Structures are given as structure tokens and as C-alpha cells.
Protein chains: 2
Amino acid sequence: MKIKTSRISPSTQLFRFGKPYKTEAVILNTNDLSFTETEKLPLFKCEKTAESCKLTYTMNKEQCIFGLGESVGGINKRSHIYRMWNSDDPCHTEEKASLYGSHPFFIISDENEKIGVFIDYPTDFQIDAGFTRYNVLSIEIPSENFDLYIFAAGNELQIIREYLKLTGTPYLPPKWAFGFQQSRWSYPDEKTVTQVADNMAAAGIPCDAIYIDIDYMDNYKVFTIDEKKFPDFKKFTAKMKERGIRLIPIIDPGVRIEKGYSVYEDGVKNNYFCKEADGKTDFTAAVWPGLVHFPDFLTDQVRSWWGKLYRLLWNNGIDGIWNDMNEPAIFYTPRKLDAAKKKITEQAINNSWDFFEIRDSLNSLANRRDDYSEMYHFAEDEKNGSINHKNLHNLYGFNMTRATVDEFKKDFPNKRIFLLTRSSYAGAHRMAAIWMGDNQSWWEHLLLHIQMLISLNICGFFYTGADVCGFSGNVSNELALRWMQFAVFSPLFRNHAALGTRNQEPYNFDDKTTNRMRHFIRTRYKLLPYMYTEFVHAVKNLAPLCTPTAFYDKSPQSLECQDEFYLGRSLLIAPVHQPNAQGRIVYLAENHPYLHVRLYNNELEDFAVIQPGNFYMKYSTDEVAFFIKENCGIPTGIIENDGKTFNTIEIIAFVSSIGTASYYEDDGETNDYMQGNFFQIDFTIKKDENNSFLIQADKHGNKLPDIKNFNFVIIDESGSIVRLAFAL
Amino acid sequence: MKIKTSRISPSTQLFRFGKPYKTEAVILNTNDLSFTETEKLPLFKCEKTAESCKLTYTMNKEQCIFGLGESVGGINKRSHIYRMWNSDDPCHTEEKASLYGSHPFFIISDENEKIGVFIDYPTDFQIDAGFTRYNVLSIEIPSENFDLYIFAAGNELQIIREYLKLTGTPYLPPKWAFGFQQSRWSYPDEKTVTQVADNMAAAGIPCDAIYIDIDYMDNYKVFTIDEKKFPDFKKFTAKMKERGIRLIPIIDPGVRIEKGYSVYEDGVKNNYFCKEADGKTDFTAAVWPGLVHFPDFLTDQVRSWWGKLYRLLWNNGIDGIWNDMNEPAIFYTPRKLDAAKKKITEQAINNSWDFFEIRDSLNSLANRRDDYSEMYHFAEDEKNGSINHKNLHNLYGFNMTRATVDEFKKDFPNKRIFLLTRSSYAGAHRMAAIWMGDNQSWWEHLLLHIQMLISLNICGFFYTGADVCGFSGNVSNELALRWMQFAVFSPLFRNHAALGTRNQEPYNFDDKTTNRMRHFIRTRYKLLPYMYTEFVHAVKNLAPLCTPTAFYDKSPQSLECQDEFYLGRSLLIAPVHQPNAQGRIVYLAENHPYLHVRLYNNELEDFAVIQPGNFYMKYSTDEVAFFIKENCGIPTGIIENDGKTFNTIEIIAFVSSIGTASYYEDDGETNDYMQGNFFQIDFTIKKDENNSFLIQADKHGNKLPDIKNFNFVIIDESGSIVRLAFAL
């Protein structure tokens, strides 16, 4: 078999192996391309058998690998093995090869060469990124049918842009999604949710969303609301929204098998569920609700049906959804459990117990590959009209996302959806957000939050974050503080914890700790104008919001810097992620000075000009600190007493010659910004020969601005401060 | 009840709460002390109930906590919860509170005050070292009977010395124990062990010991040797020893219940095993051999019996023993398993399976507290002559160690024992070595190796180390290299791996990697004169071999430095412990220059004088690098072709004014050094006004030196090199 190739753009080439399954990751219709046969793949050595393909690439010592989305390991993904197999694994230790999503896009990079690689293949394959041999990148795909894209643009950002042109513009959530969000498994009822909101208010902590986990449902039946817990759900969501708080309910794909339950009945009647090999029997597995069927999201019809079910929630005033367990996670299947039961019963009766065999047989029942192999989707293209789930496992969450989003768009054509989904595939970044799954209250996972933020941004998931303070396990006082302190800069800022763990809501600590967390959260709102401006800019320009220093500076220290990142165009963030640290070593890359800012309150009091290099900085747990790049300014809000709103923007700028700063606003809810209904003001701040500053403003968009007053705080390279005002 | 107190030394005070169990951790006879009653404890707030005691201490922001022996976390143990409960837990993630040993000695330290604390209490209690509230250290002991020692010497090293005076001089292993050691679960037979030795020899890799794990026994019966696997064990051990390789067999405490098996029969006949509550029935649990009884190591008689059983091994030419599983680890007890079985069978027959209940009931059978509560020791002092195991759980491994060591001493009064034991308690450091248990092939555990080395050294376990390259899981090429590179400086240098994992013997990698590992191991032998000299010095002076920079320098960076340490008096070690690093940031504490040395082979070629501070150093995977402190010199061997032996010592010294360097040797096998049968030469290297060097030698001990030639390579503060020779 020969490989076919087609040029997608001057720098992007598609190599088509066999007849790939159309995953929908790529929005370009690749069937319309004109292909030529090719004897040889560039860069990679290719060993093919009838049923598999092994691509190898020899790396030099300096080459880094960036990307790979949701995966453990550092910003540089080298020296590790990854498996593209969406997995519900709650223990993200450093050796793990798979998490909840698969994003097989990465960049191999050194000073001389940058190569992007995207393998569009919807199920299990392995990327050995120098684990077995440090200088060998080896990709083993157990199939002869897949698409391989090779990007050869000049730098990492251009490669990412080409990838995003192919796979779609990243998701833009509503503006409120950038506020602070509180969650716990579980706030099961109206009373508890109200108490959380009351406690937040009493502590002076602003909050935009509270999540309701699986217990809000009647017996874990999706698209039901337990009336004992929420007697008037619609009224309650309205009441909460008046207080500025959105409720975000969870939805799982598994539909409980229960006579009379309409979702179940409809699904069975219309053959909406995945089948067994016979094409007739609905595939059954156990998850939270007990035995369930899984919707067959592969078909338009099922996606449309499923998407409409969310109307129950939209009609009750819900603005955001949290799709969970959609790998799909399986606790066990009745068939395998019965086999285990049978064996155990026999052994028990015969008194021939093999303890380890029995224990292991029960422990190995979850998320089994041989269970996934017994699950079938309807697929028109296939000969017998069905396709085995194991052949497109990584698309299940992706297609559940399509179901949720596509019908929402029909119902609310102009509204932005808030959708957090656990499982995903390449391309999902254009539809929804993912969070980083069930992490632990570990310092290691605070660092992983920072690192995965960058890997996911490279794959187009700009809006993401980990469960702040950690999901499983008890969080220590100090880790909670440091994690909240960092999360001020995480696009998704959600504190979430598991059943049975320490209560980690900001008000559930001693007063000193709560006061500090209040400051962090209020500072998040203060920085929200910058965060939102930069986020929209990132989406419009297909350039990640969070990028590593290594993209801009190829010194060894930059390449090895695994705990800093640029947030937007102007800020460098270097969080403390170690216990018992009064500070940390910071590396300031790119040969220019930075303005270091520490915020202890609404006012800019503590700042210093810092020359590039490598040094130790003291960081207490009562401040929010960041670096502003040279000739950059950031819009911040002068926050009112509510901790959230502002009427004046203060631009903090660090200018040695000509600086720029932008402020952007839109309605925050709709897609009208696409039609020009936004307000953007781009300031140029020029330092003249008398060391005074001149401000020029360049306005864009049709929207009348909410903000009319701009205060400038300009610091020059000598650390002198100048204050100016600008009004529209 | 009042607390009694007695002064042990000018700076050490014992506070006796109630009537503590005599653990034997302390070698001083504290019953002979004169006690006075005290109303108030210094430093700690003490809240007592009839059955428990809570001690709290308010910490300031800067205070560090050092010590606590075998535990996860950094060099600074603050911000974590610890439980003193010896546990066989194979997953050392960062939240774990207990590992295999309990060493409740720690130092609270800041610039102004240093306080040592030792709680001599042999079973479960909790130390919250600022986890719940960062500024509160809280110790909860569920008893009114324990000894609390408070040390108030002037600095950390003096406090440690006072602790070691109380608990005993650290263990000195035979000299060969400082060589490279290879292990795997499992080299089950003669053929495999020979192959390992052959492969090492073929690769030019010196090696002093090979471990034989549980499979060498007949059916896991301790003190048996499977003759099918080792037809002539004595001949084989002799043959291996001729090749310079000692075999180290494993011994577990659990004695298989098997009619006719002499250890079992003797134990039953003589009531040597732990009992149930009735004082008659032997306590039964399952471990590797299936159902076993546990020797009751609390009595002299049982310890003596057990200790004599090792004669089987000593008589076969064995010089070293590896005591494992002695927490004691329990897979399950028949009683609890039967209860689980019964429930499962009932549910299976009634078709009323609760899957999670059943699965969890099987998963929770190992190491259960309620099983330990059913185990009893004979104890003369106690009213009914027996004492519940749960009341002195942490002493089981400790007393197994006593059994092994005490009889060895009777049989070989002058020979040093090589004994590695898994479970331990405070005080065990004077009898044997521990390793760090079943770690993982994680970068995080390479760092933990460095950190725990220091915590254990503080508690007197000078000779220790982790399983190099990691026990569980597959090791990556790069991690294996970096771990072997660091382990050159680990007192115990043992590569060990679990069943089913990647073969990680140095010769089981690609040639380039093996070549580098050969260099590391040969460099270990080159540095062995320094390691051994400093180790003996450490033992004689009750001063840890490995110490943190924070002991000598209270700058924030020193206090926070969690990945460097001083090895002996002259070397600072700063290993690379991150993936994809071409180097690392090094912090050079104490305000003096250092000589940085990189060894690529036997010759000193690459060195540089480095000023103190904080900077990035490049470190490749083909070198062994270290820093020599100012005015210090280290003895190294000029290694012969065998990679192991040497006839000339080369002293590498960094001298700006007056430097010192010591070289020590003894027979390496016996305790004759205590009677003066050693050779020690202390050199003084003086730089005179003409910038030339004068060497003075001061000899000690009665032994005729093996080494008569000393070459000096002296580098001064300008980096100039001078070579001198010195002969005896």
C-alpha cells in the first residue's frame, strides 16, 4: 500500500495512510483534496505491516516536544510514553500514559527546526517520546488507516495556527466563566447551595458559579431533578442568578435502565443506544446510576435527541453544563461481573479460594478493553452498518460534546454555551472546555496544573484548568493557599473537591487564610479585563493564551523552564508550587527587563524593574505577583466594594520606549462580537525625549463602551512612576 | 497525673508521661534517673485526657522541621501530616503519612532557636507538622504513657549528637557494602545469578553484591534453600565470592505452616509464635508463603532462637542478610478472609451482590488494624503476661533486627554484620541499615531518594538508599541514567526492580547508556576512599554523613533548598532530578567559593572555581560532578583496570589558605578499628606566601597502611593547579 499526500497550505502537508475514519477533528473537507501517491515520508522512518505502522524519528539532544494536550509530564513532553486511549483514571501519577482526552498533536522543536505532527486516528496508539531510548521518538499505530499531518511553519506559534486553521477556532465561553467558580461533590440540595452562596457573601468573596454534582438528580437519572432536594428548581436558579451565581449541573452519558423513565424508554424505543455485536441488544454497563445504556452519539439522530434533552435544564434557567464520565467510564459490565461472581461462588462452595485471583478479578472490572470491544455504534458507511466502539473509542466524549453544542446552537443561535466536558479528542477545543479531571491535593498536581495548561493551550484548549486545591485527598493549609494564589491566572478558576475530603471552600479555613483567599479572588476580578481582552485576542488570532518561555528563547534554561508561562501578550507568571517556600527561583527569558508587580489590595504599591536572568524572588502567601513585559500594559479594574465590578480601568504599563496596551469588551454572552459588536481600544504609550508620556488611542468595533475612564500608571525602565488619565 | 522530668545532659531533658513501655530505642537506663514532678512542659502546650495527650507548638513562618526519618516530603518536613505506624505501602505518593519505619525524632529550627524533640512511644500517633494550620505543630498521642525528650543544644548537629548519644552509635557496615549492588525480584537460581555476574563482568562493571529475592527458598519457607535452584549453595556462594560478589538472601518473618518443616515445628512446640487473645492459639496470617505464624520477637528466647536460624546462611558462606516484610506485612488473615467469603457466598447465592461492598471488602484485607489487634506478644512485665501487638506495633521489625544481630554477634563477636531491614523504629540505626522500601520508577522518587537520605541521616540511619532506578514500574532511559548518576553518592547504591518491570541492570540498555553507567559505577569505586573515610568519621563523631545546606546557612534559599546536600565534610552534591534537563540551578551556600569537578574518567581534567550563589550549571548524562568546599581535599582511588581496586590515592584539594584532607582505612570487616587497628592520615595543605604548597601529615592508628602513595592535585582560588606526591 502506498501513502497518498496532499498539500493543505504552503507549510502543511497531509499524508493519508489507507482509508482513515473521518473523525471530524479536522473541519476542512479532506476528501476534496487532490492527492498524489508518495513513496517516502519526510522526517520519519516508516515501517508498515498489513495491520500496523511504526513511525520513528531520531531526535538530537536539544529537541523538545510540546503539546499532546491532556497528559502528565512537563511542558516538554519528551522522555515519556503516551497512549491515546481516553481513560477514567483518578490517580494521575507521573508514569501514566493516558488521561481523559487524546490530543495527538505535538511540535518537535529546537533552535534550527520546528515540526508539527498531528495524527488523526480515533483510537488506541502509542507515542514513545524518548522513553525507551532518549533519542528515538516512536509512534506505533495498530492500523493502516490514519491521517498524518506534518506542519513545517517557521515557529511554534505558526505551527499551532496552522493546526487550529485545520481543526477550528478555539471555544470562547461567556464572560462570566472567567469569574471564580465553586464546586464540591456534593452540594446536593437547595439548602446547601444557598449556604455556600451565603458563606461566600458573608466572607466577601465574589463567585460566579456553583456546580451541582450527581446528587441533584433523582437516583442519578440524567435529565431529572430530584424535587425533594430542589422543590422549585427554576425559581431557585433565578434566585441564585439574581445573586450573580450560575448553577452548573452535571450530566453523564449513562442512561439508567428503569421502566417508565422517559429518557430510557425513548432511547430503547428508537434504538438510540449503543448495541452489542448482534446489532439488536442494547449494550449495558454499570456506572453511578447502576445499570445503564450508552447513547450512540455517532449518529446525527441520537445527537439531536440528546442535545434536545438539555432543554430541561435551559428551560430551568441553567446557563452552563458539565458533561462528565464520557470516556465512557464503566464500573463493570453485568456480563463480566456475572462471570466473576460465578467463579467466586464456585470457588467459595468448593472451598478452593484463590484470594489474589478473586481480588484481582474484581479490581479489573472497570474500563476494560474487552468490554469496550463488545459495544457497537451504528455507522452508515460501514459494510454491516455498525462499527465496534474500540475502533473509535476516543470519539465518544467528542461526539457527546457535539450533541450538546449543536442543539444548543439551534435553540440559542447567538448565545455562547458554557460547557465543561471531561473526555475529548482533538478538535473538541472548538466546541467546549475541558478541565483536567480528577486530580489530587498534591503539590505535584499544582505544578501539573501549570504544565497541562500549556500543553492544552498548544492543542487549542485555551480555556481550561484543574480542580483548584485538588479533587481527591485532603488539602493542606499551605497548598490551598498556594494553589488559590496561582489559580488567579488559570483561565478556568474552579475550586472542586471529592466526597469525604477536607472542606476547601475559601471560607472553610482559619480567618487569616480566608482573608488571603478573598484577596486572591478579588484580584482575579481585578485582572479580568486583561484576562478577557487577551483571551478574545488569542481566539481571534489562533494563538494560545498560555505559552512557554521556550517558544521565544532557546537558551537551555528557557527550554527547561517547566513552571513559568506567558499569560497573553504582556504577563509572565511564575507561581510558587513547592511547600515551605518563602519564594522561588524565577527565570526571566528574552533579553529585556520586566516590571515585577505585587498586589496586596486594589492599589498598585509594590513594583520593581527587574533585569532578565535567573534569581530568587520572595513570595509570601498574601500577595498576587506577576511580571509585565517591557513596553506592555495591562488593563485592570478598580474594583468596587462587591469585589467584582468596576467603573474605571487602570492600565498598569511598563514602558521604556513605545508601549502598547489593549482593552476589549463585548456583551460577554453572545456571538455578536463576530459582527463587530464589541469595543476595543488599543493604546500606544510613547515616551518622549523629556521622559514624559504621550497616549494615543485607537478604537475598534461598534459597541458603546461600558467603561469610559482609563487611568494610566506608567512605570519606566528606571522605576519612575507617572499617572495619567484618559476619558472617552 | 503529673509529668515527671529528669535532666539527661546539660541540654537534654526527659519528660516522662505515666509509665511508658520500654522500647529499647534509648540505650541509657532511664529507670535509674532521678525524676522530679513538673507542672508545666516547656515550649509545648499540653492537653491531656485520661487516655490521650495533645502537644501543640506555635511555629513562626521561618521555622523548619528536620528529621522524621523514613517519610515522604522534602528535607523540611513541615506542611505535612505524619503517622507513626509502620506500614507496607508500595505507593509512596506525596500525601502518605506512614512508611515502613517510625522515627519520631525531629528538630524545629530557625536562625534563633533549635529544638530537638523525640517521642519514644512504640505505636500509632500523629504529628501534624503544620498541615491543618501552617503555624501549628500538633502531636496527638492516644495514650498517657510515653517519654518525651527535648533537646536544646545550640545547633542541629549538636542536637543530633545528643539524640545519638541516647539512642546509640550508628551502624557501620562492612566496607564492601559501599560497592555497587545489583538486585531484582527475582534472580531465582544459580544460573540467573551467574548470568548477572557474567554480564556485569563482560560489560566491565564492578559489583560487590547480588541479592536473591524470595524465590531462592523452597516454597517461600524461610531458612530453606531450594536445591533445584541452588544444588550446592555453599559452593556457589564461595565461587561468587571469589569473583568479588557476595550473595544477599532475603528473609521474611512469616513462618509457613507446614507439617514437618522444622522452623514451623520448633516454633509451635516451644510457643515461639505470636498468639491470639486466648494466649494459646498461634496467630495466623497470609503472606508470600501462604498461611504463616509470626515469631514473637519480644522475648529473649525467641530472638535467640530466630537469630540462630541464620546460621544456615552464615554456614553457607553468606555475609549479608536482607530482612523484609517485617512491619509485619499481612496480605490477609484467614478469619477476615472467611468472613468476606461467607458474605460473598451468601450474596452470590441470594443474587444480592453489592459489587462495591464486595470489592472493597477484599481490597481492605491487607495490613488491617483490627488484625494487628488480634495478635499478642508474651510480655513478662504485663499483668496477664501478654501484650497486644497494636500497642507496640512499631517495634516488630526493630526486634527482628535485634534477633538477627544479637546472635550474629555471639557467633562472630568481631565481625560487622551486613543487614538490610525494611521495618524499623528509632534506635534501629545502631544495629542495621534500612533501605527506602518499594519505591517507583518516578523522577519524583529520585528526588525523594535525595531528601529521605537526609531525613534518615538526621535520625542516625547514615547508611541507606532507595532502590536505584525505582522498584515498581518501568524506568525510562533518561531516568535510569540520572538516577545511577546520582546514586554514586548514595551510601547504599543498590539497583533493584520488581517482577514484570523493564530489566534495568546497567548492561540491559543500549551501549551508550551502558557505557555511561559503567563510568558512574567505576567513579563510585574511585570515590570510595572518600566515602568510607567520611562514613567512619561520621559514625565516630555522631555527625550525619549527609546534611542539608540549611544546617549551615539560614538564608531563605538555603532553607528552601530541597535537592542538594553535603556528603561528608568536603563535598556538596547537587544532582539533576528532572527530565529533559541539560542542567540545573545550583545554590552554593555559605559564603565561600567551591571547586566544581566533573569526572569523565579516572583523570581530573575538568574543574572550575565557582563563587557562592545561585546559578544554572549544565550537566550532561556522561559525567559525575560535585563541588569541593574551600580548603578541603578528598581522597580518590586511581582505579585499576578491574574498575574497583587501586594502589595509589589521589587527593583532589581546593585550597586558598590552609586545607585539610583525610584518608582512612581499616580491615573493612571487623570491629578491630575500635581497638586502634586502623590507619588514618590527616593532611594539612598550606599555601605559603610564594603560592607554593606545603603538605603535613598526621598519622593515627596501629594498622599498617595498604596505600603508601599519595598524589596531590591542588587547585587554588585562582584555578591554578599544582601536583605533588607524598609517600609513606
# chains A, B, ... in the order shown; residues from 1 in each chain; ligands from 1

$ residues_around --residues "Ala487 (chain B)" --least-positions-apart "5" --cutoff "10 Å" --atoms "only C-alpha atoms" --output "list in words"
Phe180, Leu446, His449, Ile450, Gly465, Ala466, Asp467, Val468, Cys469, Leu481, Arg482, Leu492, Phe493, Arg494, Asn495, Phe520, Ile521, Arg524 and Pro575 of chain B

$ residues_around --residues "Ile649 (chain B)" --least-positions-apart "6" --cutoff "7 Å" --atoms "only C-alpha atoms" --output "tab-separated table (two decimals) with N, CA and C atoms, in the first residue's frame"
chain	number	residue	atom	x	y	z
B	635	PRO	N	40.11	12.19	49.23
B	635	PRO	CA	40.93	11.09	48.72
B	635	PRO	C	40.16	10.28	47.68
B	636	THR	N	40.77	10.06	46.54
B	636	THR	CA	40.14	9.24	45.50
B	636	THR	C	41.13	8.17	45.07
B	637	GLY	N	40.62	7.07	44.55
B	637	GLY	CA	41.49	6.00	44.10
B	637	GLY	C	41.87	6.19	42.63
B	638	ILE	N	43.11	5.86	42.30
B	638	ILE	CA	43.46	5.78	40.87
B	638	ILE	C	43.17	4.34	40.48
B	709	ASN	N	51.23	5.45	48.62
B	709	ASN	CA	51.47	6.58	47.71
B	709	ASN	C	50.27	7.51	47.61
B	710	PHE	N	50.55	8.76	47.81
B	710	PHE	CA	49.50	9.77	47.74
B	710	PHE	C	49.91	10.85	46.74
B	711	ASN	N	49.13	10.97	45.69
B	711	ASN	CA	49.36	12.06	44.75
B	711	ASN	C	48.41	13.20	45.11

$ interface_residues --of "chain B" --to "chain A" --cutoff "6 Å" --atoms "only C-alpha atoms" --output "PyMOL selection string"
chain B and resi 131-134+345+359+362+476-477+560+581

$ residues_around --residues "Lys239 (chain B)" --least-positions-apart "3" --cutoff "12 Å" --atoms "only C-alpha atoms" --output "number ranges by chain"
B: 190, 193-194, 197, 232-236, 242-247, 316-318

$ closest_residue --among "A:Arg184, A:His577, A:Lys383, A:Lys336" --to "Asn367 (chain A)" --atoms "only C-alpha atoms"
A:Lys336

$ select_by_dssp --residues "region 52-87 of chain A" --states "strand (DSSP E)" --output "MDAnalysis selection string"
chainID A and resid 53:58 64:67 80:83

$ write_last_selection --atoms "N, CA, C and O atoms" --output "PDB file, in the first residue's frame"
ATOM      1  N   CYS A  53       1.559   0.361  11.693  1.00  0.00           N
ATOM      2  CA  CYS A  53       2.521   1.278  11.135  1.00  0.00           C
ATOM      3  C   CYS A  53       3.352   1.863  12.264  1.00  0.00           C
ATOM      4  O   CYS A  53       2.812   2.283  13.289  1.00  0.00           O
ATOM      5  N   LYS A  54       4.647   1.825  12.080  1.00  0.00           N
ATOM      6  CA  LYS A  54       5.534   2.389  13.088  1.00  0.00           C
ATOM      7  C   LYS A  54       6.344   3.512  12.457  1.00  0.00           C
ATOM      8  O   LYS A  54       7.057   3.308  11.484  1.00  0.00           O
ATOM      9  N   LEU A  55       6.189   4.692  13.021  1.00  0.00           N
ATOM     10  CA  LEU A  55       6.916   5.858  12.529  1.00  0.00           C
ATOM     11  C   LEU A  55       7.996   6.197  13.544  1.00  0.00           C
ATOM     12  O   LEU A  55       7.707   6.346  14.729  1.00  0.00           O
ATOM     13  N   THR A  56       9.227   6.317  13.074  1.00  0.00           N
ATOM     14  CA  THR A  56      10.277   6.700  14.023  1.00  0.00           C
ATOM     15  C   THR A  56      11.030   7.920  13.515  1.00  0.00           C
ATOM     16  O   THR A  56      11.181   8.144  12.314  1.00  0.00           O
ATOM     17  N   TYR A  57      11.502   8.682  14.482  1.00  0.00           N
ATOM     18  CA  TYR A  57      12.197   9.931  14.193  1.00  0.00           C
ATOM     19  C   TYR A  57      13.361  10.009  15.180  1.00  0.00           C
ATOM     20  O   TYR A  57      13.185   9.760  16.365  1.00  0.00           O
ATOM     21  N   THR A  58      14.540  10.313  14.680  1.00  0.00           N
ATOM     22  CA  THR A  58      15.706  10.404  15.563  1.00  0.00           C
ATOM     23  C   THR A  58      15.875  11.842  16.038  1.00  0.00           C
ATOM     24  O   THR A  58      15.978  12.768  15.234  1.00  0.00           O
ATOM     25  N   CYS A  64      12.961  19.531  21.931  1.00  0.00           N
ATOM     26  CA  CYS A  64      11.858  19.427  22.876  1.00  0.00           C
ATOM     27  C   CYS A  64      10.615  18.968  22.132  1.00  0.00           C
ATOM     28  O   CYS A  64      10.502  19.142  20.913  1.00  0.00           O
ATOM     29  N   ILE A  65       9.680  18.412  22.878  1.00  0.00           N
ATOM     30  CA  ILE A  65       8.381  18.069  22.313  1.00  0.00           C
ATOM     31  C   ILE A  65       7.330  18.838  23.098  1.00  0.00           C
ATOM     32  O   ILE A  65       7.267  18.754  24.328  1.00  0.00           O
ATOM     33  N   PHE A  66       6.526  19.626  22.400  1.00  0.00           N
ATOM     34  CA  PHE A  66       5.478  20.411  23.042  1.00  0.00           C
ATOM     35  C   PHE A  66       4.114  19.938  22.566  1.00  0.00           C
ATOM     36  O   PHE A  66       3.969  19.516  21.420  1.00  0.00           O
ATOM     37  N   GLY A  67       3.115  20.051  23.433  1.00  0.00           N
ATOM     38  CA  GLY A  67       1.749  19.728  23.030  1.00  0.00           C
ATOM     39  C   GLY A  67       1.223  18.504  23.739  1.00  0.00           C
ATOM     40  O   GLY A  67       1.388  18.354  24.944  1.00  0.00           O
ATOM     41  N   HIS A  80       8.955  10.241  27.900  1.00  0.00           N
ATOM     42  CA  HIS A  80       7.733   9.667  28.464  1.00  0.00           C
ATOM     43  C   HIS A  80       7.014   8.863  27.381  1.00  0.00           C
ATOM     44  O   HIS A  80       7.232   9.107  26.193  1.00  0.00           O
ATOM     45  N   ILE A  81       6.175   7.920  27.815  1.00  0.00           N
ATOM     46  CA  ILE A  81       5.320   7.183  26.875  1.00  0.00           C
ATOM     47  C   ILE A  81       3.876   7.646  27.026  1.00  0.00           C
ATOM     48  O   ILE A  81       3.388   7.785  28.149  1.00  0.00           O
ATOM     49  N   TYR A  82       3.216   7.883  25.908  1.00  0.00           N
ATOM     50  CA  TYR A  82       1.809   8.289  25.914  1.00  0.00           C
ATOM     51  C   TYR A  82       0.986   7.277  25.124  1.00  0.00           C
ATOM     52  O   TYR A  82       1.446   6.765  24.106  1.00  0.00           O
ATOM     53  N   ARG A  83      -0.200   7.010  25.623  1.00  0.00           N
ATOM     54  CA  ARG A  83      -1.140   6.188  24.843  1.00  0.00           C
ATOM     55  C   ARG A  83      -2.390   6.996  24.601  1.00  0.00           C
ATOM     56  O   ARG A  83      -2.961   7.564  25.547  1.00  0.00           O
TER      57      ARG A  83
END

$ residues_around --residues "region 111-126 of chain B" --least-positions-apart "2" --cutoff "7 Å" --atoms "only C-alpha atoms" --output "PyMOL selection string"
chain B and resi 23+82-85+104-109+128+139-142+146-152+154-156+159+390-395+554

$ atom_distance --atom1 "CA of Thr464 (chain A)" --atom2 "CA of Gln675 (chain A)"
26.1 Å

$ atom_distance --atom1 "CA of Thr660 (chain B)" --atom2 "CA of Arg430 (chain B)"
29.0 Å

$ atom_distance --atom1 "CA of Gln451 (chain B)" --atom2 "CA of Val136 (chain B)"
23.1 Å
